[in-house]
Amino acid sequence: MEFNVKKLASDAGVFFSRAMQFTEEKLGQAEKTELDAHFENLLARADCTKNWTEKILRQTEVLLQPNPSARVEEFLYEKLDRKVPSRVTNGELLAQYMTEAASDFGPGTPYGKTLIKVGETQRRLGAAEREFIHSASINFLTPLRNFLEGDWRTISKERRILQNRRLDLDACKARLKKAKAAEAKAAAVPDFQETRPRNYVLSASASALWSDEVEKAEHELRLTQTEFDRQAEVTRLLLEGISSTHVNHLRCLHEFVESQTNYYAQCYQFMLDLQKQLGRFSGTFVGNAESASSTAATSPPAVAAATLPAVPTIPVVPTIVGVPNTVAEGVLNPNEVKPPASGTRRARVLYDYEAADSTELALLADEMITVYSLPGMDPDWLIGERGNQKGKVPVTYLELLS
């Protein structure tokens, strides 16, 4: 490799000149070329965009992956240009534990059946979370990261070049100013006091030398001014491109919101389906309730009060004429049930509910219905009436009014 001493010396001289100019500017001993107000606004806007993009990127990464160790691992895989290994989500891990627990407790038991159903829902939630993280990473995080690692690095590089061009320009202005001052001094005070012509010749030679120095400084100033103007225009174009970056980030933000909306909508639907399934299985806990009741009957009053589950205070029909033992047998025909003469309650529907069969009443959010209970009926369900329609409704979908 050829070692160029002249180039090294030249580069060292330029660096020393820039360092001196920068130091004198900081000390207030040298003039500084100021950029126009529009250019300064572009610089401030670019810095603001970079700072907030970094913060939004980091916090979004925390939102998608709260585990810092996992984030560090993903960062290392990305820097090594290797594929990040697939990682099980928390929901999928919980689903696995619930399924294994159901196998140990017995998949035919009420607890085992419920564990299987809840575990399946957790698995679906985990899969939805994985899809959301993948979509958000591609549509939102990647564009932000590309800006910081691509466009912003280019802008920063051109800004550093512009700063060096400005220092060179101001250094040339300072040299020209000093050369003109020395030329004027040499021309204004020639040495005519001596009778010997030698001093006059030396003075005239010094004036000519300073004139040459002024011409050389003016030539260097024109060159550095041209380079500064060219670099300023390049940097200005890059800074004005920040507006296009905002437009691109706005589109990515819309895609992120859409992905997040779809994710939460899926989660909401999964939980509604699970709630309906658990509502249908609520009858399997009647045996447990009956055993609890028998225990309460043989226990002291204080123990019985602590053992019995809390039941909503819903008016109960004391007798059902013509419908003997329908509830106890688990077969309920709402059309054959007569409401109590008094004591029914009004309820507001919180969520939409789709009836699973003809014994249930479909509900619409925010509508008002009349509800009451029956003897021996599962406390998680009520009889609801809306006009001529009647059927079972889940308590969790209602807000009972006084």
# chains A, B, ... in the order shown; residues from 1 in each chain; ligands from 1

call {"tool": "closest_atom_pairs", "arguments": {"of": "segment 200-274 of chain A", "to": "segment 35-58 of chain A", "cutoff": "10 Å", "atoms": "only C-alpha atoms", "output": "JSON lines"}}
result
{"residue": "A:Ala232", "atom": "CA", "partner": "A:Phe39", "partner_atom": "CA", "distance": 8.9}
{"residue": "A:Glu233", "atom": "CA", "partner": "A:Phe39", "partner_atom": "CA", "distance": 9.9}
{"residue": "A:Thr235", "atom": "CA", "partner": "A:Phe39", "partner_atom": "CA", "distance": 9.2}
{"residue": "A:Arg236", "atom": "CA", "partner": "A:Phe39", "partner_atom": "CA", "distance": 6.9}
{"residue": "A:Leu237", "atom": "CA", "partner": "A:Leu42", "partner_atom": "CA", "distance": 9.9}
{"residue": "A:Leu238", "atom": "CA", "partner": "A:Leu42", "partner_atom": "CA", "distance": 9.6}
{"residue": "A:Leu239", "atom": "CA", "partner": "A:Leu42", "partner_atom": "CA", "distance": 5.9}
{"residue": "A:Glu240", "atom": "CA", "partner": "A:Leu42", "partner_atom": "CA", "distance": 6.9}
{"residue": "A:Gly241", "atom": "CA", "partner": "A:Ala46", "partner_atom": "CA", "distance": 9.4}
{"residue": "A:Ile242", "atom": "CA", "partner": "A:Ala46", "partner_atom": "CA", "distance": 6.6}
{"residue": "A:Ser243", "atom": "CA", "partner": "A:Ala46", "partner_atom": "CA", "distance": 9.4}
{"residue": "A:Thr245", "atom": "CA", "partner": "A:Thr49", "partner_atom": "CA", "distance": 9.1}
{"residue": "A:His246", "atom": "CA", "partner": "A:Thr49", "partner_atom": "CA", "distance": 8.4}
{"residue": "A:His249", "atom": "CA", "partner": "A:Thr53", "partner_atom": "CA", "distance": 9.4}

call {"tool": "atom_distance", "arguments": {"atom1": "atom CA of Glu183 of chain A", "atom2": "atom CA of Met20 of chain A"}}
result
23.3 Å

call {"tool": "residues_around", "arguments": {"residues": "Leu363 of chain A", "least_positions_apart": "2", "cutoff": "9 Å", "atoms": "only C-alpha atoms", "output": "list in words"}}
result
Val349, Tyr351, Asp352, Tyr353, Glu354, Ala355, Leu361, Ala365, Glu367, Val393 and Tyr397 of chain A

call {"tool": "residues_around", "arguments": {"residues": "Leu250 of chain A", "least_positions_apart": "5", "cutoff": "12 Å", "atoms": "only C-alpha atoms", "output": "number ranges by chain"}}
result
A: 53, 139-140, 143-144, 243-245, 255-257

call {"tool": "residues_around", "arguments": {"residues": "Gln266 of chain A", "least_positions_apart": "4", "cutoff": "8 Å", "atoms": "only C-alpha atoms", "output": "PDB file with N, CA and C atoms, in the first residue's frame"}}
result
ATOM      1  N   LEU A 125     -55.470 -17.195  21.303  1.00  0.00           N
ATOM      2  CA  LEU A 125     -55.008 -15.848  21.640  1.00  0.00           C
ATOM      3  C   LEU A 125     -53.504 -15.715  21.381  1.00  0.00           C
ATOM      4  N   ALA A 128     -52.920 -15.405  17.693  1.00  0.00           N
ATOM      5  CA  ALA A 128     -53.278 -14.058  17.237  1.00  0.00           C
ATOM      6  C   ALA A 128     -52.210 -13.045  17.633  1.00  0.00           C
ATOM      7  N   ASN A 262     -57.400  -5.342  14.522  1.00  0.00           N
ATOM      8  CA  ASN A 262     -57.760  -6.726  14.176  1.00  0.00           C
ATOM      9  C   ASN A 262     -57.376  -7.688  15.296  1.00  0.00           C
ATOM     10  N   PHE A 270     -62.744 -14.263  20.569  1.00  0.00           N
ATOM     11  CA  PHE A 270     -62.350 -15.522  21.201  1.00  0.00           C
ATOM     12  C   PHE A 270     -62.893 -15.609  22.626  1.00  0.00           C
TER      13      PHE A 270
END

call {"tool": "closest_atom_pairs", "arguments": {"of": "segment 103-196 of chain A", "to": "segment 216-220 of chain A", "cutoff": "7 Å", "atoms": "only C-alpha atoms", "output": "JSON lines"}}
result
{"residue": "A:Cys172", "atom": "CA", "partner": "A:Ala217", "partner_atom": "CA", "distance": 6.5}
{"residue": "A:Arg175", "atom": "CA", "partner": "A:Ala217", "partner_atom": "CA", "distance": 6.5}
{"residue": "A:Leu176", "atom": "CA", "partner": "A:Ala217", "partner_atom": "CA", "distance": 5.1}

call {"tool": "decode", "arguments": {"residues": "segment 337-374 of chain A", "atoms": "N, CA and C atoms", "output": "tab-separated table (two decimals), in the first residue's frame"}}
result
chain	number	residue	atom	x	y	z
A	337	VAL	N	-93.01	-21.06	30.79
A	337	VAL	CA	-92.73	-20.40	32.06
A	337	VAL	C	-93.52	-19.12	32.15
A	338	LYS	N	-94.19	-18.92	33.28
A	338	LYS	CA	-94.94	-17.71	33.51
A	338	LYS	C	-94.16	-16.81	34.46
A	339	PRO	N	-94.06	-15.51	34.15
A	339	PRO	CA	-93.32	-14.59	35.03
A	339	PRO	C	-94.04	-14.42	36.36
A	340	PRO	N	-93.33	-14.05	37.40
A	340	PRO	CA	-93.98	-13.81	38.69
A	340	PRO	C	-94.89	-12.60	38.61
A	341	ALA	N	-95.88	-12.59	39.50
A	341	ALA	CA	-96.84	-11.48	39.49
A	341	ALA	C	-96.18	-10.17	39.84
A	342	SER	N	-95.14	-10.21	40.68
A	342	SER	CA	-94.43	-8.99	41.07
A	342	SER	C	-92.98	-9.35	41.36
A	343	GLY	N	-92.14	-8.31	41.39
A	343	GLY	CA	-90.75	-8.53	41.76
A	343	GLY	C	-89.80	-8.77	40.63
A	344	THR	N	-90.24	-8.66	39.36
A	344	THR	CA	-89.30	-8.78	38.24
A	344	THR	C	-88.39	-7.55	38.21
A	345	ARG	N	-87.24	-7.71	37.54
A	345	ARG	CA	-86.28	-6.62	37.48
A	345	ARG	C	-85.97	-6.29	36.02
A	346	ARG	N	-85.60	-5.02	35.83
A	346	ARG	CA	-85.16	-4.58	34.51
A	346	ARG	C	-83.64	-4.72	34.43
A	347	ALA	N	-83.15	-5.00	33.25
A	347	ALA	CA	-81.71	-5.16	33.04
A	347	ALA	C	-81.32	-4.56	31.70
A	348	ARG	N	-80.11	-4.01	31.66
A	348	ARG	CA	-79.57	-3.47	30.41
A	348	ARG	C	-78.53	-4.45	29.87
A	349	VAL	N	-78.60	-4.73	28.58
A	349	VAL	CA	-77.70	-5.68	27.95
A	349	VAL	C	-76.36	-4.99	27.69
A	350	LEU	N	-75.27	-5.61	28.13
A	350	LEU	CA	-73.93	-5.04	27.97
A	350	LEU	C	-73.30	-5.39	26.63
A	351	TYR	N	-73.50	-6.62	26.15
A	351	TYR	CA	-72.87	-7.06	24.90
A	351	TYR	C	-73.90	-7.83	24.06
A	352	ASP	N	-73.61	-7.90	22.78
A	352	ASP	CA	-74.44	-8.74	21.91
A	352	ASP	C	-74.27	-10.21	22.30
A	353	TYR	N	-75.36	-10.96	22.22
A	353	TYR	CA	-75.31	-12.38	22.55
A	353	TYR	C	-76.15	-13.15	21.53
A	354	GLU	N	-75.55	-14.17	20.96
A	354	GLU	CA	-76.23	-15.00	19.97
A	354	GLU	C	-76.74	-16.27	20.65
A	355	ALA	N	-78.02	-16.49	20.54
A	355	ALA	CA	-78.64	-17.65	21.19
A	355	ALA	C	-78.09	-18.94	20.60
A	356	ALA	N	-77.73	-19.88	21.51
A	356	ALA	CA	-77.19	-21.16	21.06
A	356	ALA	C	-78.28	-22.12	20.61
A	357	ASP	N	-79.47	-22.02	21.18
A	357	ASP	CA	-80.59	-22.89	20.80
A	357	ASP	C	-81.89	-22.15	21.06
A	358	SER	N	-83.02	-22.87	20.90
A	358	SER	CA	-84.34	-22.23	21.01
A	358	SER	C	-84.69	-21.86	22.44
A	359	THR	N	-83.98	-22.41	23.45
A	359	THR	CA	-84.30	-22.07	24.84
A	359	THR	C	-83.63	-20.78	25.28
A	360	GLU	N	-82.71	-20.23	24.46
A	360	GLU	CA	-82.01	-19.01	24.83
A	360	GLU	C	-82.57	-17.82	24.06
A	361	LEU	N	-82.35	-16.63	24.61
A	361	LEU	CA	-82.84	-15.40	24.01
A	361	LEU	C	-81.65	-14.60	23.48
A	362	ALA	N	-81.68	-14.30	22.19
A	362	ALA	CA	-80.62	-13.48	21.60
A	362	ALA	C	-80.72	-12.06	22.12
A	363	LEU	N	-79.56	-11.42	22.34
A	363	LEU	CA	-79.52	-10.08	22.93
A	363	LEU	C	-78.75	-9.13	22.02
A	364	LEU	N	-79.11	-7.86	22.14
A	364	LEU	CA	-78.40	-6.79	21.46
A	364	LEU	C	-77.90	-5.81	22.51
A	365	ALA	N	-76.72	-5.31	22.35
A	365	ALA	CA	-76.13	-4.40	23.32
A	365	ALA	C	-77.00	-3.17	23.52
A	366	ASP	N	-77.12	-2.75	24.78
A	366	ASP	CA	-77.81	-1.52	25.21
A	366	ASP	C	-79.33	-1.63	25.20
A	367	GLU	N	-79.88	-2.77	24.84
A	367	GLU	CA	-81.34	-2.89	24.91
A	367	GLU	C	-81.76	-3.23	26.34
A	368	MET	N	-83.04	-2.96	26.67
A	368	MET	CA	-83.59	-3.20	27.99
A	368	MET	C	-84.51	-4.41	27.94
A	369	ILE	N	-84.36	-5.33	28.92
A	369	ILE	CA	-85.21	-6.51	28.99
A	369	ILE	C	-85.65	-6.70	30.44
A	370	THR	N	-86.65	-7.57	30.64
A	370	THR	CA	-87.12	-7.95	31.98
A	370	THR	C	-86.55	-9.32	32.32
A	371	VAL	N	-86.06	-9.49	33.55
A	371	VAL	CA	-85.43	-10.75	33.94
A	371	VAL	C	-85.98	-11.21	35.28
A	372	TYR	N	-85.93	-12.51	35.49
A	372	TYR	CA	-86.28	-13.12	36.78
A	372	TYR	C	-85.67	-14.51	36.79
A	373	SER	N	-85.66	-15.14	37.96
A	373	SER	CA	-85.06	-16.45	38.13
A	373	SER	C	-86.12	-17.48	38.49
A	374	LEU	N	-85.73	-18.76	38.43
A	374	LEU	CA	-86.60	-19.88	38.77
A	374	LEU	C	-85.97	-20.71	39.87
